[in-house]
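Colleague: Below you will find the structure I want to go over with you.
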Amino acid sequence: MELRQYQIVLVNLDPTIGSEIKKTRPCVIISPHEMNKYLNTVIIAPMTTQSKHYPTRVKINHDNKAGYVVLDQIRTIDKQRIIKAFDNLSGSEIEKVKKTIKELLVD
């Protein structure tokens with residue numbers, strides 16, 4: 001399966017510890033194509049349908065449902081955790097995610 005940056009994938013996130021987001025859920029691939037192609041790991045941000053309006057959460061629509069990309073829970077996972085691949089985020093959603101990551105992680 002070819003994995004693309006900003007693609008939504010279904011991921012088994014268990015086991016987790018403490019406040020980490022749990023269970024099998026959609027996630028957005030954050031890592032770039034070059035990493036996704038050659039490494040056995042990808043960087044993802046989990047998604048949730050219930051969220052407070054934190055500045056690190058980006059509202060999107062997936063599968064006709066409103067949801068949030070949880071950028072304060074970015075993590076690296078092995079590709080074996082990926083169950084299924086879906087579509088990509090829309091262009092405007094990608095721009096919101098990029099802007100939020102930059103605000104979160106870069107000066």
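Here, A, B, ... name the chains of the structure tokens in the order displayed, residue numbers run from 1 inside each chain, and ligands are numbered from 1 in the same displayed order.
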I'd like the neighbourhood of region 97-99 of chain A as a PyMOL selection string, where a residue qualifies if any of its atoms comes within 12 Å (using only C-alpha atoms), though same-chain residues fewer than 5 positions away should be ignored.
Modeller: chain A and resi 5-6+28-31+44-45+55-60+68-72+74+89-92+104-106
Colleague: Figure out the distance between CA of Met47 (chain A) and CA of Met1 (chain A), please, to one decimal in Å.
Modeller: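 Spanning CA of Met1 (chain A) to CA of Met47 (chain A) is a straight-line distance of 20.8 Å.
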Colleague: Just list as a PDB file with C-alpha atoms, in the first residue's frame whatever in chain A DSSP marks as strand (DSSP E or B).
Modeller:
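Produced file selection.pdb, reproduced below:
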ATOM      1  CA  GLN A   7      -3.795  10.802   3.614  1.00  0.00           C
ATOM      2  CA  ILE A   8      -6.285   9.552   6.205  1.00  0.00           C
ATOM      3  CA  VAL A   9      -5.633   5.987   7.385  1.00  0.00           C
ATOM      4  CA  LEU A  10      -7.304   3.727   9.929  1.00  0.00           C
ATOM      5  CA  VAL A  11      -4.760   2.879  12.654  1.00  0.00           C
ATOM      6  CA  ASN A  12      -4.737   0.602  15.702  1.00  0.00           C
ATOM      7  CA  THR A  24      -8.492   2.051  16.402  1.00  0.00           C
ATOM      8  CA  ARG A  25      -9.265   5.353  14.729  1.00  0.00           C
ATOM      9  CA  PRO A  26      -8.599   7.452  11.637  1.00  0.00           C
ATOM     10  CA  CYS A  27      -5.281   9.299  11.598  1.00  0.00           C
ATOM     11  CA  VAL A  28      -3.626  11.717   9.189  1.00  0.00           C
ATOM     12  CA  ILE A  29      -0.179  10.887   7.830  1.00  0.00           C
ATOM     13  CA  THR A  41       7.374   3.850  10.069  1.00  0.00           C
ATOM     14  CA  VAL A  42       5.154   6.877   9.415  1.00  0.00           C
ATOM     15  CA  ILE A  43       4.409   9.967  11.451  1.00  0.00           C
ATOM     16  CA  ILE A  44       0.694  10.384  12.137  1.00  0.00           C
ATOM     17  CA  ALA A  45      -1.717  12.659  13.957  1.00  0.00           C
ATOM     18  CA  PRO A  46      -4.799  10.910  15.377  1.00  0.00           C
ATOM     19  CA  MET A  47      -8.303  12.155  14.679  1.00  0.00           C
ATOM     20  CA  THR A  48     -11.289  12.448  16.982  1.00  0.00           C
ATOM     21  CA  ARG A  57      -6.744  20.774  16.853  1.00  0.00           C
ATOM     22  CA  VAL A  58      -7.759  21.287  13.224  1.00  0.00           C
ATOM     23  CA  LYS A  59     -11.407  20.808  12.302  1.00  0.00           C
ATOM     24  CA  ILE A  60     -11.996  18.723   9.163  1.00  0.00           C
ATOM     25  CA  ASN A  61     -14.716  16.679   7.463  1.00  0.00           C
ATOM     26  CA  HIS A  62     -14.158  12.981   6.778  1.00  0.00           C
ATOM     27  CA  LYS A  65     -18.577  13.605   9.668  1.00  0.00           C
ATOM     28  CA  ALA A  66     -16.994  16.576  11.386  1.00  0.00           C
ATOM     29  CA  GLY A  67     -13.789  15.709  13.189  1.00  0.00           C
ATOM     30  CA  TYR A  68     -10.509  17.083  14.456  1.00  0.00           C
ATOM     31  CA  VAL A  69      -6.881  16.304  13.633  1.00  0.00           C
ATOM     32  CA  VAL A  70      -5.168  16.195  17.037  1.00  0.00           C
ATOM     33  CA  ARG A  75       3.507  10.155  16.991  1.00  0.00           C
ATOM     34  CA  THR A  76       5.536   7.723  14.926  1.00  0.00           C
ATOM     35  CA  ILE A  77       4.012   4.305  14.296  1.00  0.00           C
ATOM     36  CA  ASP A  78       5.047   1.150  12.471  1.00  0.00           C
ATOM     37  CA  ILE A  82      -2.318   0.671   9.555  1.00  0.00           C
ATOM     38  CA  ILE A  83      -5.491  -1.272   8.785  1.00  0.00           C
ATOM     39  CA  LYS A  84      -6.957   0.634   5.851  1.00  0.00           C
ATOM     40  CA  ALA A  85      -6.257   3.730   3.734  1.00  0.00           C
ATOM     41  CA  PHE A  86      -8.812   6.405   2.860  1.00  0.00           C
ATOM     42  CA  ASP A  87      -8.716   9.665   0.885  1.00  0.00           C
ATOM     43  CA  ASN A  88      -6.524  12.695   1.466  1.00  0.00           C
TER      44      ASN A  88
END
Colleague: Based on the backbone DSSP call, show me all residues of region 11-86 of chain A assigned helix (DSSP H, G or I), as a list in words.
Modeller: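 Matching residues for helix (DSSP H, G or I) in region 11-86 of chain A are His33, Glu34, Met35, Asn36, Lys37, Tyr38, Leu71, Asp72, Gln73, Lys79, Gln80 and Arg81 of chain A.
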